[in-house]
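Engineer: Provided below: my_file_35.pdb, containing PDB, N, CA and C atoms.
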```pdb
ATOM      1  N   MET A  11     -75.208 -33.274 -34.774
ATOM      2  CA  MET A  11     -75.862 -31.987 -34.860
ATOM      3  C   MET A  11     -75.431 -31.156 -33.662
ATOM      4  N   LYS A  12     -74.932 -29.977 -33.918
ATOM      5  CA  LYS A  12     -74.433 -29.105 -32.864
ATOM      6  C   LYS A  12     -75.480 -28.044 -32.524
ATOM      7  N   LEU A  13     -75.710 -27.849 -31.251
ATOM      8  CA  LEU A  13     -76.673 -26.844 -30.799
ATOM      9  C   LEU A  13     -76.020 -25.474 -30.822
ATOM     10  N   ASN A  14     -76.665 -24.531 -31.436
ATOM     11  CA  ASN A  14     -76.141 -23.177 -31.528
ATOM     12  C   ASN A  14     -76.553 -22.399 -30.276
ATOM     13  N   LEU A  15     -75.696 -22.388 -29.271
ATOM     14  CA  LEU A  15     -76.017 -21.730 -28.007
ATOM     15  C   LEU A  15     -76.042 -20.214 -28.130
ATOM     16  N   ASP A  16     -75.234 -19.666 -29.034
ATOM     17  CA  ASP A  16     -75.262 -18.218 -29.228
ATOM     18  C   ASP A  16     -76.634 -17.774 -29.732
ATOM     19  N   GLY A  17     -77.187 -18.535 -30.627
ATOM     20  CA  GLY A  17     -78.523 -18.218 -31.141
ATOM     21  C   GLY A  17     -79.578 -18.322 -30.053
ATOM     22  N   MET A  18     -79.446 -19.334 -29.201
ATOM     23  CA  MET A  18     -80.401 -19.495 -28.098
ATOM     24  C   MET A  18     -80.312 -18.322 -27.124
ATOM     25  N   ASP A  19     -79.109 -17.859 -26.845
ATOM     26  CA  ASP A  19     -78.942 -16.704 -25.958
ATOM     27  C   ASP A  19     -79.620 -15.472 -26.530
ATOM     28  N   GLN A  20     -79.527 -15.295 -27.844
ATOM     29  CA  GLN A  20     -80.165 -14.146 -28.472
ATOM     30  C   GLN A  20     -81.684 -14.256 -28.395
ATOM     31  N   ILE A  21     -82.207 -15.446 -28.574
ATOM     32  CA  ILE A  21     -83.660 -15.634 -28.496
ATOM     33  C   ILE A  21     -84.150 -15.390 -27.084
ATOM     34  N   ILE A  22     -83.476 -15.982 -26.099
ATOM     35  CA  ILE A  22     -83.914 -15.858 -24.711
ATOM     36  C   ILE A  22     -83.761 -14.442 -24.186
ATOM     37  N   SER A  23     -82.743 -13.726 -24.637
ATOM     38  CA  SER A  23     -82.522 -12.374 -24.134
ATOM     39  C   SER A  23     -83.386 -11.342 -24.847
ATOM     40  N   HIS A  24     -84.127 -11.740 -25.851
ATOM     41  CA  HIS A  24     -84.955 -10.801 -26.601
ATOM     42  C   HIS A  24     -86.097 -10.294 -25.705
ATOM     43  N   PRO A  25     -86.269  -8.965 -25.607
ATOM     44  CA  PRO A  25     -87.304  -8.400 -24.718
ATOM     45  C   PRO A  25     -88.720  -8.848 -25.058
ATOM     46  N   ALA A  26     -89.009  -9.089 -26.323
ATOM     47  CA  ALA A  26     -90.365  -9.496 -26.698
ATOM     48  C   ALA A  26     -90.723 -10.860 -26.107
ATOM     49  N   LEU A  27     -89.759 -11.760 -26.057
ATOM     50  CA  LEU A  27     -90.009 -13.079 -25.472
ATOM     51  C   LEU A  27     -90.293 -12.951 -23.976
ATOM     52  N   ARG A  28     -89.531 -12.118 -23.307
ATOM     53  CA  ARG A  28     -89.751 -11.911 -21.869
ATOM     54  C   ARG A  28     -91.157 -11.354 -21.616
ATOM     55  N   GLU A  29     -91.563 -10.396 -22.421
ATOM     56  CA  GLU A  29     -92.896  -9.798 -22.252
ATOM     57  C   GLU A  29     -93.993 -10.794 -22.585
ATOM     58  N   ARG A  30     -93.762 -11.606 -23.587
ATOM     59  CA  ARG A  30     -94.756 -12.625 -23.954
ATOM     60  C   ARG A  30     -94.919 -13.650 -22.827
ATOM     61  N   MET A  31     -93.801 -14.059 -22.244
ATOM     62  CA  MET A  31     -93.862 -15.017 -21.135
ATOM     63  C   MET A  31     -94.439 -14.366 -19.877
ATOM     64  N   THR A  32     -94.168 -13.079 -19.683
ATOM     65  CA  THR A  32     -94.777 -12.356 -18.563
ATOM     66  C   THR A  32     -96.290 -12.361 -18.712
ATOM     67  N   PHE A  33     -96.747 -12.102 -19.913
ATOM     68  CA  PHE A  33     -98.190 -12.112 -20.173
ATOM     69  C   PHE A  33     -98.767 -13.511 -19.947
ATOM     70  N   PHE A  34     -98.045 -14.534 -20.383
ATOM     71  CA  PHE A  34     -98.493 -15.912 -20.182
ATOM     72  C   PHE A  34     -98.634 -16.236 -18.698
ATOM     73  N   TRP A  35     -97.573 -15.948 -17.913
ATOM     74  CA  TRP A  35     -97.616 -16.264 -16.482
ATOM     75  C   TRP A  35     -98.594 -15.371 -15.738
ATOM     76  N   HIS A  36     -98.803 -14.167 -16.231
ATOM     77  CA  HIS A  36     -99.800 -13.285 -15.614
ATOM     78  C   HIS A  36    -101.186 -13.918 -15.694
ATOM     79  N   GLY A  37    -101.424 -14.658 -16.765
ATOM     80  CA  GLY A  37    -102.698 -15.367 -16.888
ATOM     81  C   GLY A  37    -102.901 -16.414 -15.803
ATOM     82  N   HIS A  38    -101.806 -16.955 -15.281
ATOM     83  CA  HIS A  38    -101.892 -17.953 -14.211
ATOM     84  C   HIS A  38    -101.936 -17.310 -12.829
ATOM     85  N   PHE A  39    -101.222 -16.204 -12.668
ATOM     86  CA  PHE A  39    -101.085 -15.593 -11.349
ATOM     87  C   PHE A  39    -101.835 -14.270 -11.205
ATOM     88  N   ALA A  40    -102.663 -13.927 -12.177
ATOM     89  CA  ALA A  40    -103.386 -12.652 -12.110
ATOM     90  C   ALA A  40    -104.394 -12.678 -10.968
ATOM     91  N   LEU A  41    -104.531 -11.543 -10.319
ATOM     92  CA  LEU A  41    -105.496 -11.431  -9.240
ATOM     93  C   LEU A  41    -105.928  -9.981  -9.091
ATOM     94  N   PRO A  42    -107.148  -9.783  -8.643
ATOM     95  CA  PRO A  42    -107.604  -8.402  -8.450
ATOM     96  C   PRO A  42    -106.998  -7.827  -7.171
ATOM     97  N   HIS A  43    -106.454  -6.639  -7.262
ATOM     98  CA  HIS A  43    -105.898  -6.002  -6.074
ATOM     99  C   HIS A  43    -106.141  -4.507  -6.155
ATOM    100  N   PRO A  44    -106.640  -3.904  -5.079
ATOM    101  CA  PRO A  44    -106.972  -2.475  -5.128
ATOM    102  C   PRO A  44    -105.766  -1.542  -5.129
ATOM    103  N   CYS A  45    -104.619  -2.023  -4.717
ATOM    104  CA  CYS A  45    -103.433  -1.167  -4.634
ATOM    105  C   CYS A  45    -102.586  -1.331  -5.902
ATOM    106  N   PRO A  46    -102.504  -0.284  -6.727
ATOM    107  CA  PRO A  46    -101.726  -0.401  -7.969
ATOM    108  C   PRO A  46    -100.246  -0.704  -7.721
ATOM    109  N   TYR A  47     -99.703  -0.218  -6.628
ATOM    110  CA  TYR A  47     -98.293  -0.476  -6.330
ATOM    111  C   TYR A  47     -98.042  -1.974  -6.156
ATOM    112  N   PHE A  48     -98.891  -2.645  -5.384
ATOM    113  CA  PHE A  48     -98.723  -4.082  -5.172
ATOM    114  C   PHE A  48     -98.949  -4.856  -6.470
ATOM    115  N   ALA A  49     -99.912  -4.432  -7.271
ATOM    116  CA  ALA A  49    -100.177  -5.099  -8.544
ATOM    117  C   ALA A  49     -98.975  -4.961  -9.483
ATOM    118  N   GLN A  50     -98.395  -3.773  -9.547
ATOM    119  CA  GLN A  50     -97.221  -3.559 -10.399
ATOM    120  C   GLN A  50     -96.010  -4.332  -9.885
ATOM    121  N   LYS A  51     -95.876  -4.400  -8.576
ATOM    122  CA  LYS A  51     -94.766  -5.151  -7.979
ATOM    123  C   LYS A  51     -94.887  -6.643  -8.313
ATOM    124  N   LEU A  52     -96.102  -7.167  -8.258
ATOM    125  CA  LEU A  52     -96.335  -8.564  -8.627
ATOM    126  C   LEU A  52     -95.989  -8.784 -10.101
ATOM    127  N   ASN A  53     -96.417  -7.876 -10.954
ATOM    128  CA  ASN A  53     -96.132  -8.000 -12.382
ATOM    129  C   ASN A  53     -94.627  -7.942 -12.655
ATOM    130  N   ASN A  54     -93.914  -7.079 -11.943
ATOM    131  CA  ASN A  54     -92.463  -6.997 -12.110
ATOM    132  C   ASN A  54     -91.772  -8.274 -11.645
ATOM    133  N   THR A  55     -92.279  -8.877 -10.583
ATOM    134  CA  THR A  55     -91.721 -10.147 -10.105
ATOM    135  C   THR A  55     -91.936 -11.243 -11.141
ATOM    136  N   ILE A  56     -93.121 -11.269 -11.720
ATOM    137  CA  ILE A  56     -93.396 -12.246 -12.778
ATOM    138  C   ILE A  56     -92.448 -12.003 -13.955
ATOM    139  N   ARG A  57     -92.257 -10.741 -14.333
ATOM    140  CA  ARG A  57     -91.367 -10.402 -15.444
ATOM    141  C   ARG A  57     -89.934 -10.846 -15.147
ATOM    142  N   ASP A  58     -89.463 -10.618 -13.942
ATOM    143  CA  ASP A  58     -88.091 -10.982 -13.582
ATOM    144  C   ASP A  58     -87.859 -12.486 -13.643
ATOM    145  N   ASN A  59     -88.906 -13.270 -13.399
ATOM    146  CA  ASN A  59     -88.760 -14.727 -13.338
ATOM    147  C   ASN A  59     -89.439 -15.454 -14.492
ATOM    148  N   ALA A  60     -89.913 -14.720 -15.478
ATOM    149  CA  ALA A  60     -90.710 -15.313 -16.555
ATOM    150  C   ALA A  60     -89.949 -16.351 -17.369
ATOM    151  N   LEU A  61     -88.654 -16.180 -17.520
ATOM    152  CA  LEU A  61     -87.869 -17.109 -18.339
ATOM    153  C   LEU A  61     -87.051 -18.087 -17.505
ATOM    154  N   GLY A  62     -87.231 -18.066 -16.199
ATOM    155  CA  GLY A  62     -86.476 -18.957 -15.322
ATOM    156  C   GLY A  62     -87.255 -20.214 -15.000
ATOM    157  N   SER A  63     -86.886 -20.841 -13.907
ATOM    158  CA  SER A  63     -87.568 -22.073 -13.508
ATOM    159  C   SER A  63     -88.917 -21.742 -12.863
ATOM    160  N   PHE A  64     -89.847 -22.681 -13.006
ATOM    161  CA  PHE A  64     -91.174 -22.482 -12.420
ATOM    162  C   PHE A  64     -91.079 -22.419 -10.894
ATOM    163  N   ARG A  65     -90.188 -23.187 -10.338
ATOM    164  CA  ARG A  65     -90.005 -23.185  -8.885
ATOM    165  C   ARG A  65     -89.634 -21.795  -8.374
ATOM    166  N   ASP A  66     -88.673 -21.153  -9.022
ATOM    167  CA  ASP A  66     -88.267 -19.805  -8.616
ATOM    168  C   ASP A  66     -89.406 -18.807  -8.797
ATOM    169  N   LEU A  67     -90.134 -18.955  -9.891
ATOM    170  CA  LEU A  67     -91.273 -18.069 -10.142
ATOM    171  C   LEU A  67     -92.326 -18.231  -9.051
ATOM    172  N   LEU A  68     -92.671 -19.456  -8.741
ATOM    173  CA  LEU A  68     -93.698 -19.712  -7.728
ATOM    174  C   LEU A  68     -93.271 -19.205  -6.354
ATOM    175  N   LEU A  69     -92.028 -19.429  -5.982
ATOM    176  CA  LEU A  69     -91.548 -18.952  -4.683
ATOM    177  C   LEU A  69     -91.536 -17.424  -4.623
ATOM    178  N   SER A  70     -91.120 -16.788  -5.709
ATOM    179  CA  SER A  70     -91.089 -15.319  -5.731
ATOM    180  C   SER A  70     -92.491 -14.725  -5.669
ATOM    181  N   VAL A  71     -93.394 -15.290  -6.445
ATOM    182  CA  VAL A  71     -94.776 -14.791  -6.446
ATOM    183  C   VAL A  71     -95.430 -15.018  -5.085
ATOM    184  N   SER A  72     -95.093 -16.109  -4.436
ATOM    185  CA  SER A  72     -95.714 -16.427  -3.142
ATOM    186  C   SER A  72     -95.306 -15.451  -2.041
ATOM    187  N   ARG A  73     -94.241 -14.699  -2.271
ATOM    188  CA  ARG A  73     -93.777 -13.735  -1.263
ATOM    189  C   ARG A  73     -94.264 -12.317  -1.525
ATOM    190  N   GLU A  74     -94.985 -12.121  -2.603
ATOM    191  CA  GLU A  74     -95.466 -10.786  -2.955
ATOM    192  C   GLU A  74     -96.658 -10.391  -2.082
ATOM    193  N   PRO A  75     -96.696  -9.138  -1.625
ATOM    194  CA  PRO A  75     -97.807  -8.685  -0.777
ATOM    195  C   PRO A  75     -99.183  -8.852  -1.421
ATOM    196  N   ALA A  76     -99.281  -8.612  -2.707
ATOM    197  CA  ALA A  76    -100.577  -8.756  -3.388
ATOM    198  C   ALA A  76    -101.074 -10.200  -3.294
ATOM    199  N   MET A  77    -100.178 -11.149  -3.502
ATOM    200  CA  MET A  77    -100.561 -12.560  -3.434
ATOM    201  C   MET A  77    -100.881 -12.967  -2.001
ATOM    202  N   LEU A  78    -100.100 -12.494  -1.060
ATOM    203  CA  LEU A  78    -100.348 -12.846   0.343
ATOM    204  C   LEU A  78    -101.694 -12.314   0.815
ATOM    205  N   GLN A  79    -102.052 -11.122   0.403
ATOM    206  CA  GLN A  79    -103.361 -10.590   0.781
ATOM    207  C   GLN A  79    -104.478 -11.334   0.073
ATOM    208  N   PHE A  80    -104.278 -11.653  -1.206
ATOM    209  CA  PHE A  80    -105.292 -12.375  -1.972
ATOM    210  C   PHE A  80    -105.572 -13.750  -1.372
ATOM    211  N   LEU A  81    -104.538 -14.388  -0.865
ATOM    212  CA  LEU A  81    -104.685 -15.730  -0.299
ATOM    213  C   LEU A  81    -105.029 -15.720   1.186
ATOM    214  N   ASN A  82    -105.349 -14.547   1.708
ATOM    215  CA  ASN A  82    -105.729 -14.415   3.123
ATOM    216  C   ASN A  82    -104.649 -14.956   4.045
ATOM    217  N   ASN A  83    -103.423 -14.545   3.790
ATOM    218  CA  ASN A  83    -102.301 -15.034   4.592
ATOM    219  C   ASN A  83    -102.424 -14.636   6.057
ATOM    220  N   GLN A  84    -103.147 -13.564   6.350
ATOM    221  CA  GLN A  84    -103.301 -13.154   7.745
ATOM    222  C   GLN A  84    -104.066 -14.207   8.561
ATOM    223  N   GLN A  85    -104.737 -15.136   7.870
ATOM    224  CA  GLN A  85    -105.451 -16.210   8.570
ATOM    225  C   GLN A  85    -104.577 -17.441   8.809
ATOM    226  N   ASN A  86    -103.379 -17.435   8.288
ATOM    227  CA  ASN A  86    -102.479 -18.579   8.456
ATOM    228  C   ASN A  86    -102.038 -18.713   9.904
ATOM    229  N   ARG A  87    -102.137 -19.905  10.417
ATOM    230  CA  ARG A  87    -101.654 -20.230  11.752
ATOM    231  C   ARG A  87    -100.902 -21.545  11.675
ATOM    232  N   LYS A  88     -99.963 -21.711  12.558
ATOM    233  CA  LYS A  88     -99.142 -22.919  12.540
ATOM    234  C   LYS A  88    -100.000 -24.178  12.680
ATOM    235  N   ASP A  89    -100.942 -24.166  13.584
ATOM    236  CA  ASP A  89    -101.772 -25.349  13.819
ATOM    237  C   ASP A  89    -102.902 -25.497  12.804
ATOM    238  N   HIS A  90    -103.297 -24.389  12.158
ATOM    239  CA  HIS A  90    -104.392 -24.405  11.190
ATOM    240  C   HIS A  90    -103.996 -23.601   9.952
ATOM    241  N   PRO A  91    -103.182 -24.188   9.080
ATOM    242  CA  PRO A  91    -102.725 -23.436   7.902
ATOM    243  C   PRO A  91    -103.873 -23.165   6.932
ATOM    244  N   ASN A  92    -103.786 -22.045   6.279
ATOM    245  CA  ASN A  92    -104.749 -21.675   5.257
ATOM    246  C   ASN A  92    -104.405 -22.471   3.996
ATOM    247  N   GLU A  93    -105.374 -23.151   3.418
ATOM    248  CA  GLU A  93    -105.111 -24.028   2.280
ATOM    249  C   GLU A  93    -105.263 -23.332   0.933
ATOM    250  N   ASN A  94    -105.565 -22.041   0.918
ATOM    251  CA  ASN A  94    -105.764 -21.333  -0.342
ATOM    252  C   ASN A  94    -104.538 -21.390  -1.233
ATOM    253  N   PHE A  95    -103.353 -21.198  -0.660
ATOM    254  CA  PHE A  95    -102.142 -21.175  -1.476
ATOM    255  C   PHE A  95    -101.911 -22.518  -2.150
ATOM    256  N   ALA A  96    -102.065 -23.593  -1.407
ATOM    257  CA  ALA A  96    -101.866 -24.922  -1.989
ATOM    258  C   ALA A  96    -102.874 -25.177  -3.103
ATOM    259  N   ARG A  97    -104.111 -24.798  -2.890
ATOM    260  CA  ARG A  97    -105.147 -24.999  -3.897
ATOM    261  C   ARG A  97    -104.857 -24.179  -5.148
ATOM    262  N   LYS A  98    -104.498 -22.918  -4.973
ATOM    263  CA  LYS A  98    -104.198 -22.054  -6.120
ATOM    264  C   LYS A  98    -102.953 -22.544  -6.859
ATOM    265  N   SER A  99    -101.945 -22.977  -6.125
ATOM    266  CA  SER A  99    -100.733 -23.495  -6.766
ATOM    267  C   SER A  99    -101.052 -24.750  -7.570
ATOM    268  N   TRP A 100    -101.870 -25.600  -7.001
ATOM    269  CA  TRP A 100    -102.261 -26.834  -7.676
ATOM    270  C   TRP A 100    -102.967 -26.511  -8.988
ATOM    271  N   ASN A 101    -103.813 -25.492  -8.989
ATOM    272  CA  ASN A 101    -104.546 -25.112 -10.195
ATOM    273  C   ASN A 101    -103.635 -24.525 -11.266
ATOM    274  N   CYS A 102    -102.495 -23.967 -10.898
ATOM    275  CA  CYS A 102    -101.561 -23.376 -11.863
ATOM    276  C   CYS A 102    -100.757 -24.424 -12.606
ATOM    277  N   LEU A 103    -100.593 -25.585 -12.027
ATOM    278  CA  LEU A 103     -99.726 -26.594 -12.615
ATOM    279  C   LEU A 103    -100.466 -27.413 -13.665
ATOM    280  N   PRO A 104     -99.777 -27.824 -14.711
ATOM    281  CA  PRO A 104    -100.419 -28.597 -15.790
ATOM    282  C   PRO A 104    -100.500 -30.081 -15.446
ATOM    283  N   TRP A 105    -101.331 -30.440 -14.497
ATOM    284  CA  TRP A 105    -101.474 -31.836 -14.094
ATOM    285  C   TRP A 105    -102.241 -32.603 -15.153
ATOM    286  N   ASP A 106    -101.920 -33.852 -15.283
ATOM    287  CA  ASP A 106    -102.653 -34.738 -16.185
ATOM    288  C   ASP A 106    -103.818 -35.317 -15.396
ATOM    289  N   GLU A 107    -105.025 -35.052 -15.850
ATOM    290  CA  GLU A 107    -106.200 -35.492 -15.098
ATOM    291  C   GLU A 107    -106.308 -37.011 -15.016
ATOM    292  N   LYS A 108    -105.666 -37.746 -15.923
ATOM    293  CA  LYS A 108    -105.703 -39.205 -15.884
ATOM    294  C   LYS A 108    -105.061 -39.759 -14.618
ATOM    295  N   LEU A 109    -104.121 -39.010 -14.048
ATOM    296  CA  LEU A 109    -103.442 -39.463 -12.848
ATOM    297  C   LEU A 109    -104.361 -39.492 -11.632
ATOM    298  N   PHE A 110    -105.425 -38.701 -11.660
ATOM    299  CA  PHE A 110    -106.228 -38.506 -10.446
ATOM    300  C   PHE A 110    -107.678 -38.954 -10.613
ATOM    301  N   ARG A 111    -107.942 -39.778 -11.577
ATOM    302  CA  ARG A 111    -109.320 -40.235 -11.800
ATOM    303  C   ARG A 111    -109.763 -41.251 -10.754
ATOM    304  N   ASP A 112    -108.869 -42.138 -10.357
ATOM    305  CA  ASP A 112    -109.259 -43.221  -9.427
ATOM    306  C   ASP A 112    -109.062 -42.821  -7.991
TER     307      ASP A 112
END
```
What is this file in structure tokens?

Structural biologist:
Amino acid sequence: MKLNLDGMDQIISHPALRERMTFFWHGHFALPHPCPYFAQKLNNTIRDNALGSFRDLLLSVSREPAMLQFLNNQQNRKDHPNENFARKSWNCLPWDEKLFRD
């Protein structure tokens, strides 16, 4: 059975799929922010990385001003890191709860 890569390229490049995945990831990374510019910038970053690897998406979102303010990044210190980002990232991932019962 031969994989039709041309067909896959057409599916992945379709704008509706990108928007659908943007909406999906927005559900994971959505946050209230009073500045519309930062909110739109975050949404554009999600859109740019919606069809790529989760690692790239997470790293890009973590550098956005809206996310940094939401996670209280100004409280981060080398000796006392703020744990909000790790906690929020952990909640975004589809962990199997069976792994952490014991």

Engineer: Evaluating the PyMOL selection byres ((chain A and resi 74-84) around 8) on the displayed file yields which residues, as a ChimeraX atom specification?

Structural biologist: /A:41-45,47-49,51-52,69-73,85-87,92-95

Engineer: Between atom CA of Phe34 of chain A and atom C of Pro91 of chain A, what distance in Å does the model show, to one decimal?

Structural biologist: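 Result for atom CA of Phe34 of chain A versus atom C of Pro91 of chain A: 28.6 Å, one decimal.
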
Engineer: Give me the residues near Ile56 of chain A as an NGL selection string, where near means some atom within 10 Å (using only C-alpha atoms) and where sequence neighbours in that chain fewer than 6 positions away do not count.

Structural biologist: :A and (28-29 or 31-36 or 39 or 50 or 62 or 67-68 or 70-71)

Engineer: Kindly give the distance, in Å, that separates atom CA of Lys88 of chain A and atom CA of His38 of chain A, rounded to a single decimal.

Structural biologist: 27.3 Å

Engineer: Mind pulling up the distance from atom C of Ala96 of chain A to atom N of Thr55 of chain A?

Structural biologist: 20.8 Å
